[in-house]
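J.: Got a structure for you, written out below as structure tokens; questions coming shortly.
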Amino acid sequence: MKRFVSFLLLVVLSLSFTGYQTAKAKEDTIKIGSVYIFSGFAATYGQFAKQGLLLAADEINKSGGILGKKVEIYFEDSHAKPAIALRAIRKLVYEKGVNFLIGIDSSSVAKGVVPYIKELKIPLIITHAATPDVTGKQCNKYTFRISVNINQNVMAGAKIAANTKAVRWTTIGPDYAFGHQSWEYFQKYLKELNPKAKFMKTVAFPKIATEDYSPYITAIMAANPDGVFISLWSGDLVNFIKQANKMGFFKKGYTILMSLGAATEVLYALKDQMPLGIWAGTRYWFLANDSPVNKHFVKAYKERYGVYPSYNAQNAYAALYALKYAIEKAGTTDKEAVIKALEGLTFEAPAGKIYIRPEDHQAILNVTWGKTAYDPNYPIRILKPMVIFKGEEVTPPVEETGCKMK
Amino acid sequence: METLLINILNGFCYGMLLFIISVGLTIIFGVMGVLNFAHGSFYMLGAYLCLLIVSHTKSFWLAALTAPLLVALLGALMEALLLRPLYGRDVSFQLLLTFGVLLVIDDAVKLIWGAGYHSIEPPQALAGSVNILGNPYPVYSLFIAAIGPCLALLLWFFFHKTVYGKMIRAAAMDREMASAVGINVPLIFSAVFFLGTYLAGLAGVLAAPLRAIGPAMGDNIIIAAFIVVVVGGLGSFPGAFTGAVILGLVESLGIQFVPQIQMAMPYILLAFILLVKPKGLFGRE
């Protein structure tokens, strides 16, 4: 018994000793907390973001870190639920002591989390959630977004739509904030660009994770639209396309816009089942930018992970670099100073030049759309022709966003 | 009118897929009293194994033959090693166990295949479309719609006209009596679990050409399967058949006529049936 107790004491002591060591080492690191979806049907997004972040962290650490300190990233699963994401963020902030947060895939999670970021007083760079509200009516000085949001992507789509012959438009989108807001803004912007555009009463808003799209496909086809604006994404878009293919949806001559159709996870899943000649958008297209920064990123990502980078990977990668440049510009990791440095920051990301607008903390960057096309050099559909919109062309002015930070 | 007819067809095709998915769940419950939460995960495994076999052998039919067997073997293992020790105990232990297996399989699939999406196409023979009321309709969906009733008939024949079926029904009705007349009840239970998970795997293989194959695809389908099974009556497979057809039609006609509350329709149906017939349509417990 005595032996056992002393053995136990030894184990406990050695464990706490190592704990002490690592605690000391941690003061020389910059800790980033990262909350994404790592489980469930959308788990691929968390995986992409993590891959982008780890690639960026390795590159940054190999070249000396940020202000000489190493970057360490802690990942937590939001499960796509606001309450769980909030718990994860509190754990990262209080238990792990992270200095900054990068993350959030789901728009509903973002809307739930952003008000509390203000309470926690920790900067969060959003890299995926696209609802305009987090840099709009919910904006606060701790929340930033490095990625293309709904308005920017949809405005670009509306410009494309205005140039087509389609007059009667309908939509198929997921039945939550993202789907409804995408359609709301598409109608608004298209009406301004093409007053002749009409928006049909028959629309389709299938719930997330709908198994069987055939009744929706039947309904839309029966309504005989000219143009269809599709904001479905992730596995739902893959499901929809598979089922719509077989029902002749893509052979009816509709003008089809898919606001997230050029997401690499969708293109890789479908390969040549992805229909050709569809206008597709994305939040980053790996072939849209010839810059050395992008070429390097695409090559490094493909070598390390075997696939071309998706937008979620680029956005996370760019977010860490944004933090690096801001911290270096501020000369300190003090949160308030870094926030000031992030405002108005301009830097080269793989997606191109990114400017973080100080008034609402929304990034202004190029938005790419294109027509899906076959290219023997790539295992997936690529976009040809590509239409690249300058960020200033497609970003609504601050007055329109509802953000009253300044 | 055309839209209504097509939607009835849509609902029936989806219903038949639901039936194939749910029948294994209801059989296991009916005979063993175990509500197998991991049923959706076995379905998902069937789909992923189909993906694996098709990507290596290009043969969907080979996958249809072998994948359900592999899933059923795993099911039999689960029953023998994990469930059997819990038979005498409180039902909640079995529920917790099957839920635990669900979590393990979900994560295992993500570890092995990654979190991305995959897609396979129906076999050549079934890959086309036929013209129905002026629009193409996938042959493969019609194939599933035809398989459903065939499977139902096969199962009915097995359970009512064969010795083994009678033994299973005897064990389901009264465990002690059945074992008193010499029926090897533990063996029956293992065989039934094997059959139930085989059907789940088969459903996964058949669904694979119609769906994006991705993580946790079983979690989505298990809810629909539960609704089918409860509406039809736990343990009754004519119930599963009827419940599946009703749910399929409620979904497709709901989308056509009441799109604003369409998301709630399956639950409204469930609540209605439970109020009117608490044991389900064909329930006999």
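Here, A, B, ... name the chains of the structure tokens in the order displayed, residue numbers run from 1 inside each chain, and ligands are numbered from 1 in the same displayed order.
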Taking 2 positions as the minimum chain separation for residues in the same chain, which residues sit within 12 Å of stretch 268-271 of chain A when counting only C-alpha atoms? Answer as a ChimeraX atom specification.

T.: /A:44,234-243,245,261-266,273-276,306-310,372-376,378-382 /B:51,115-121,209,211-214

J.: If you take only C-alpha atoms and a cut-off of 8 Å, which residues of chain B touch chain A, and what are their nearest atom pairs and distances in Å to one decimal, in chain and number order, as JSON lines?

T.:
```
{"residue": "B:Thr3", "atom": "CA", "partner": "A:Thr218", "partner_atom": "CA", "distance": 6.8}
{"residue": "B:Ile6", "atom": "CA", "partner": "A:Thr218", "partner_atom": "CA", "distance": 7.4}
{"residue": "B:Asn7", "atom": "CA", "partner": "A:Pro215", "partner_atom": "CA", "distance": 5.8}
{"residue": "B:Asn10", "atom": "CA", "partner": "A:Ser214", "partner_atom": "CA", "distance": 6.1}
{"residue": "B:Gly11", "atom": "CA", "partner": "A:Pro215", "partner_atom": "CA", "distance": 7.8}
{"residue": "B:Tyr14", "atom": "CA", "partner": "A:Asp212", "partner_atom": "CA", "distance": 6.9}
{"residue": "B:Gly114", "atom": "CA", "partner": "A:Thr44", "partner_atom": "CA", "distance": 7.9}
{"residue": "B:Ala115", "atom": "CA", "partner": "A:Thr44", "partner_atom": "CA", "distance": 4.6}
{"residue": "B:Gly116", "atom": "CA", "partner": "A:Thr44", "partner_atom": "CA", "distance": 5.0}
{"residue": "B:Tyr117", "atom": "CA", "partner": "A:Ala269", "partner_atom": "CA", "distance": 5.3}
{"residue": "B:His118", "atom": "CA", "partner": "A:Ala269", "partner_atom": "CA", "distance": 4.5}
{"residue": "B:Ser119", "atom": "CA", "partner": "A:Ala269", "partner_atom": "CA", "distance": 5.5}
{"residue": "B:Gly128", "atom": "CA", "partner": "A:Lys246", "partner_atom": "CA", "distance": 7.5}
{"residue": "B:Ser129", "atom": "CA", "partner": "A:Lys246", "partner_atom": "CA", "distance": 6.5}
{"residue": "B:Asn135", "atom": "CA", "partner": "A:Gly248", "partner_atom": "CA", "distance": 7.1}
{"residue": "B:Pro136", "atom": "CA", "partner": "A:Met247", "partner_atom": "CA", "distance": 5.0}
{"residue": "B:Tyr137", "atom": "CA", "partner": "A:Met247", "partner_atom": "CA", "distance": 5.1}
{"residue": "B:Pro138", "atom": "CA", "partner": "A:Lys246", "partner_atom": "CA", "distance": 5.1}
{"residue": "B:Leu210", "atom": "CA", "partner": "A:Gln243", "partner_atom": "CA", "distance": 6.7}
{"residue": "B:Arg211", "atom": "CA", "partner": "A:Asn239", "partner_atom": "CA", "distance": 5.2}
{"residue": "B:Ala212", "atom": "CA", "partner": "A:Asn239", "partner_atom": "CA", "distance": 5.1}
{"residue": "B:Gly214", "atom": "CA", "partner": "A:Phe41", "partner_atom": "CA", "distance": 6.2}
{"residue": "B:Pro215", "atom": "CA", "partner": "A:Phe41", "partner_atom": "CA", "distance": 5.2}
{"residue": "B:Ala216", "atom": "CA", "partner": "A:Gly40", "partner_atom": "CA", "distance": 5.0}
{"residue": "B:Met217", "atom": "CA", "partner": "A:Phe41", "partner_atom": "CA", "distance": 6.5}
{"residue": "B:Asn220", "atom": "CA", "partner": "A:Ala209", "partner_atom": "CA", "distance": 6.8}
{"residue": "B:Ile221", "atom": "CA", "partner": "A:Glu211", "partner_atom": "CA", "distance": 7.8}
{"residue": "B:Ser252", "atom": "CA", "partner": "A:Pro215", "partner_atom": "CA", "distance": 5.3}
{"residue": "B:Leu253", "atom": "CA", "partner": "A:Pro215", "partner_atom": "CA", "distance": 7.8}
{"residue": "B:Ile255", "atom": "CA", "partner": "A:Pro215", "partner_atom": "CA", "distance": 6.5}
{"residue": "B:Gln256", "atom": "CA", "partner": "A:Ala219", "partner_atom": "CA", "distance": 6.9}
{"residue": "B:Met263", "atom": "CA", "partner": "A:Lys207", "partner_atom": "CA", "distance": 6.7}
```

J.: Go ahead and dump the residues you just picked, N, CA and C atoms, as a compact mmCIF listing (two decimals), in the first residue's frame.

T.:
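Wrote selection.txt, looks like this:
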```
# COMPACT_ATOMS: atom_id res chain seq x y z
N THR B 3 -47.86 17.81 -62.04
CA THR B 3 -46.97 17.97 -60.90
C THR B 3 -47.42 17.07 -59.76
N ILE B 6 -46.36 13.52 -60.57
CA ILE B 6 -44.92 13.33 -60.41
C ILE B 6 -44.55 13.33 -58.94
N ASN B 7 -45.21 14.20 -58.16
CA ASN B 7 -44.88 14.24 -56.74
C ASN B 7 -45.32 12.98 -56.02
N ASN B 10 -42.56 10.80 -56.83
CA ASN B 10 -41.41 11.19 -55.99
C ASN B 10 -41.56 10.64 -54.58
N GLY B 11 -42.77 10.86 -54.02
CA GLY B 11 -43.00 10.44 -52.63
C GLY B 11 -42.90 8.93 -52.49
N TYR B 14 -39.14 7.84 -52.77
CA TYR B 14 -38.43 8.17 -51.53
C TYR B 14 -38.93 7.26 -50.41
N GLY B 114 -11.85 10.42 -44.21
CA GLY B 114 -11.76 11.87 -44.20
C GLY B 114 -13.14 12.49 -44.17
N ALA B 115 -13.16 13.82 -44.07
CA ALA B 115 -14.44 14.50 -43.86
C ALA B 115 -15.10 14.96 -45.15
N GLY B 116 -14.46 14.74 -46.30
CA GLY B 116 -15.00 15.29 -47.54
C GLY B 116 -16.17 14.49 -48.08
N TYR B 117 -16.71 14.98 -49.20
CA TYR B 117 -17.86 14.32 -49.81
C TYR B 117 -17.41 13.45 -50.97
N HIS B 118 -18.17 12.39 -51.21
CA HIS B 118 -17.89 11.51 -52.35
C HIS B 118 -19.19 11.25 -53.07
N SER B 119 -19.04 10.81 -54.31
CA SER B 119 -20.25 10.55 -55.08
C SER B 119 -19.99 9.38 -56.01
N GLY B 128 -29.80 5.55 -66.80
CA GLY B 128 -30.46 6.53 -67.65
C GLY B 128 -31.71 7.14 -67.04
N SER B 129 -32.46 7.80 -67.89
CA SER B 129 -33.74 8.38 -67.48
C SER B 129 -34.80 7.93 -68.46
N ASN B 135 -41.15 14.75 -68.76
CA ASN B 135 -39.85 15.08 -68.17
C ASN B 135 -39.05 13.82 -67.85
N PRO B 136 -37.72 13.93 -67.89
CA PRO B 136 -36.92 12.75 -67.58
C PRO B 136 -37.11 12.35 -66.12
N TYR B 137 -37.14 11.05 -65.87
CA TYR B 137 -37.19 10.57 -64.51
C TYR B 137 -36.13 9.50 -64.36
N PRO B 138 -35.36 9.57 -63.29
CA PRO B 138 -34.24 8.63 -63.19
C PRO B 138 -34.68 7.18 -63.10
N LEU B 210 -27.56 7.76 -55.01
CA LEU B 210 -28.53 8.86 -54.99
C LEU B 210 -28.12 10.00 -54.07
N ARG B 211 -27.08 9.78 -53.28
CA ARG B 211 -26.78 10.74 -52.24
C ARG B 211 -25.32 11.12 -52.23
N ALA B 212 -25.03 12.32 -51.70
CA ALA B 212 -23.64 12.63 -51.40
C ALA B 212 -23.22 11.73 -50.24
N GLY B 214 -21.04 11.29 -47.22
CA GLY B 214 -20.24 12.16 -46.37
C GLY B 214 -20.41 11.78 -44.91
N PRO B 215 -19.63 12.41 -44.02
CA PRO B 215 -19.69 12.03 -42.62
C PRO B 215 -21.07 12.25 -42.02
N ALA B 216 -21.41 11.42 -41.09
CA ALA B 216 -22.67 11.55 -40.35
C ALA B 216 -23.90 11.50 -41.25
N MET B 217 -23.79 10.89 -42.44
CA MET B 217 -24.99 10.81 -43.28
C MET B 217 -26.02 9.90 -42.61
N ASN B 220 -28.66 11.88 -40.32
CA ASN B 220 -29.83 12.49 -40.95
C ASN B 220 -30.93 11.48 -41.13
N ILE B 221 -30.55 10.28 -41.57
CA ILE B 221 -31.56 9.32 -41.98
C ILE B 221 -32.20 8.62 -40.80
N SER B 252 -43.38 14.81 -49.99
CA SER B 252 -43.43 15.37 -51.34
C SER B 252 -44.67 16.21 -51.54
N LEU B 253 -45.83 15.76 -51.02
CA LEU B 253 -47.04 16.56 -51.21
C LEU B 253 -47.00 17.79 -50.29
N ILE B 255 -44.36 19.49 -49.63
CA ILE B 255 -43.56 20.50 -50.32
C ILE B 255 -44.37 21.18 -51.41
N GLN B 256 -45.27 20.42 -52.02
CA GLN B 256 -46.05 21.01 -53.10
C GLN B 256 -47.14 21.93 -52.56
N MET B 263 -41.24 21.67 -43.25
CA MET B 263 -40.28 21.08 -42.33
C MET B 263 -40.97 20.39 -41.17
```

J.: Can you tell me which residues surround B:Ile223 at a distance of at most 12 Å, considering only C-alpha atoms, apart from same-chain residues fewer than 3 positions away, and format the answer as a list in words?

T.: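 The residues that qualify are Ala209, Thr210 and Glu211 of chain A; Leu18, Ile21, Ser22, Leu25, Phe37, Ala38, His39, Gly40, Met217, Gly218, Asp219, Asn220, Phe226, Ile227, Val228, Val229, Val230, Leu247, Pro266, Tyr267 and Leu270 of chain B.
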
J.: Output C-alpha atoms for every residue in that selection, as a PDB file, in the first residue's frame.

T.:
```pdb
ATOM      1  CA  ALA A 209     -29.714  18.068 -44.833  1.00  0.00           C
ATOM      2  CA  THR A 210     -32.725  17.372 -47.022  1.00  0.00           C
ATOM      3  CA  GLU A 211     -32.448  13.814 -48.289  1.00  0.00           C
TER       4      GLU A 211
ATOM      5  CA  LEU B  18     -37.091   4.846 -46.453  1.00  0.00           C
ATOM      6  CA  ILE B  21     -33.666   1.742 -44.527  1.00  0.00           C
ATOM      7  CA  SER B  22     -36.236   1.303 -41.754  1.00  0.00           C
ATOM      8  CA  LEU B  25     -34.605  -1.237 -37.495  1.00  0.00           C
ATOM      9  CA  PHE B  37     -29.498   3.818 -32.562  1.00  0.00           C
ATOM     10  CA  ALA B  38     -26.498   2.717 -34.566  1.00  0.00           C
ATOM     11  CA  HIS B  39     -28.771   1.651 -37.419  1.00  0.00           C
ATOM     12  CA  GLY B  40     -28.048   4.863 -39.325  1.00  0.00           C
ATOM     13  CA  MET B 217     -24.988  10.807 -43.279  1.00  0.00           C
ATOM     14  CA  GLY B 218     -26.494   8.187 -41.006  1.00  0.00           C
ATOM     15  CA  ASP B 219     -27.533  10.783 -38.446  1.00  0.00           C
ATOM     16  CA  ASN B 220     -29.833  12.494 -40.946  1.00  0.00           C
ATOM     17  CA  PHE B 226     -37.573   6.382 -36.441  1.00  0.00           C
ATOM     18  CA  ILE B 227     -40.608   8.304 -37.634  1.00  0.00           C
ATOM     19  CA  VAL B 228     -41.391   5.565 -40.153  1.00  0.00           C
ATOM     20  CA  VAL B 229     -41.014   2.843 -37.576  1.00  0.00           C
ATOM     21  CA  VAL B 230     -43.043   4.577 -34.883  1.00  0.00           C
ATOM     22  CA  LEU B 247     -43.910   9.658 -44.831  1.00  0.00           C
ATOM     23  CA  PRO B 266     -43.259  14.673 -40.637  1.00  0.00           C
ATOM     24  CA  TYR B 267     -43.537  15.603 -36.955  1.00  0.00           C
ATOM     25  CA  LEU B 270     -46.033  11.564 -36.082  1.00  0.00           C
TER      26      LEU B 270
END
```

J.: Within 12 Å of B:Val181, counting only C-alpha atoms, which residues qualify if same-chain residues fewer than 5 places away don't, as a list of chain:residue names?

T.: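 Everything that qualifies: B:Met167, B:Ala170, B:Ala171, B:Asp174, B:Arg175, B:Glu176.
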
J.: Report the residues of stretch 24-170 of chain B whose backbone DSSP state falls under strand (DSSP E or B), written as a list in words.

T.: His118, Ser129, Val130, Asn131, Ile132, Asn135, Pro136, Tyr137 and Pro138 of chain B

J.: Could you give me, as a list in words, the residues within 8 Å of A:Ile327, counting only C-alpha atoms and dropping anything in the same chain fewer than 3 positions from it?

T.: Ile66, Leu67, Leu323, Lys324, Ala330, Gly331, Thr332, Thr333, Val338 and Ala341 of chain A

J.: Restricting it to C-alpha atoms, dump the selection as a CSV table (one decimal), in the first residue's frame.

T.:
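The resulting again11.csv:
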```
chain,number,residue,atom,x,y,z
A,66,ILE,CA,5.5,36.6,-34.9
A,67,LEU,CA,7.7,39.2,-33.1
A,323,LEU,CA,-2.9,38.7,-37.6
A,324,LYS,CA,0.8,38.4,-38.1
A,330,ALA,CA,1.4,47.2,-33.7
A,331,GLY,CA,4.7,46.0,-32.3
A,332,THR,CA,2.8,44.2,-29.5
A,333,THR,CA,0.2,41.5,-28.9
A,338,VAL,CA,-3.8,44.8,-32.7
A,341,ALA,CA,-3.5,47.7,-36.6
```

J.: Using only C-alpha atoms, which protein or nucleic acid residues come within 12 Å of A:Thr255? Drop anything in the same chain fewer than 2 positions from it, and give the result as number ranges by chain.

T.: A: 157, 160-171, 224-230, 249-253, 257-258, 276-280, 371
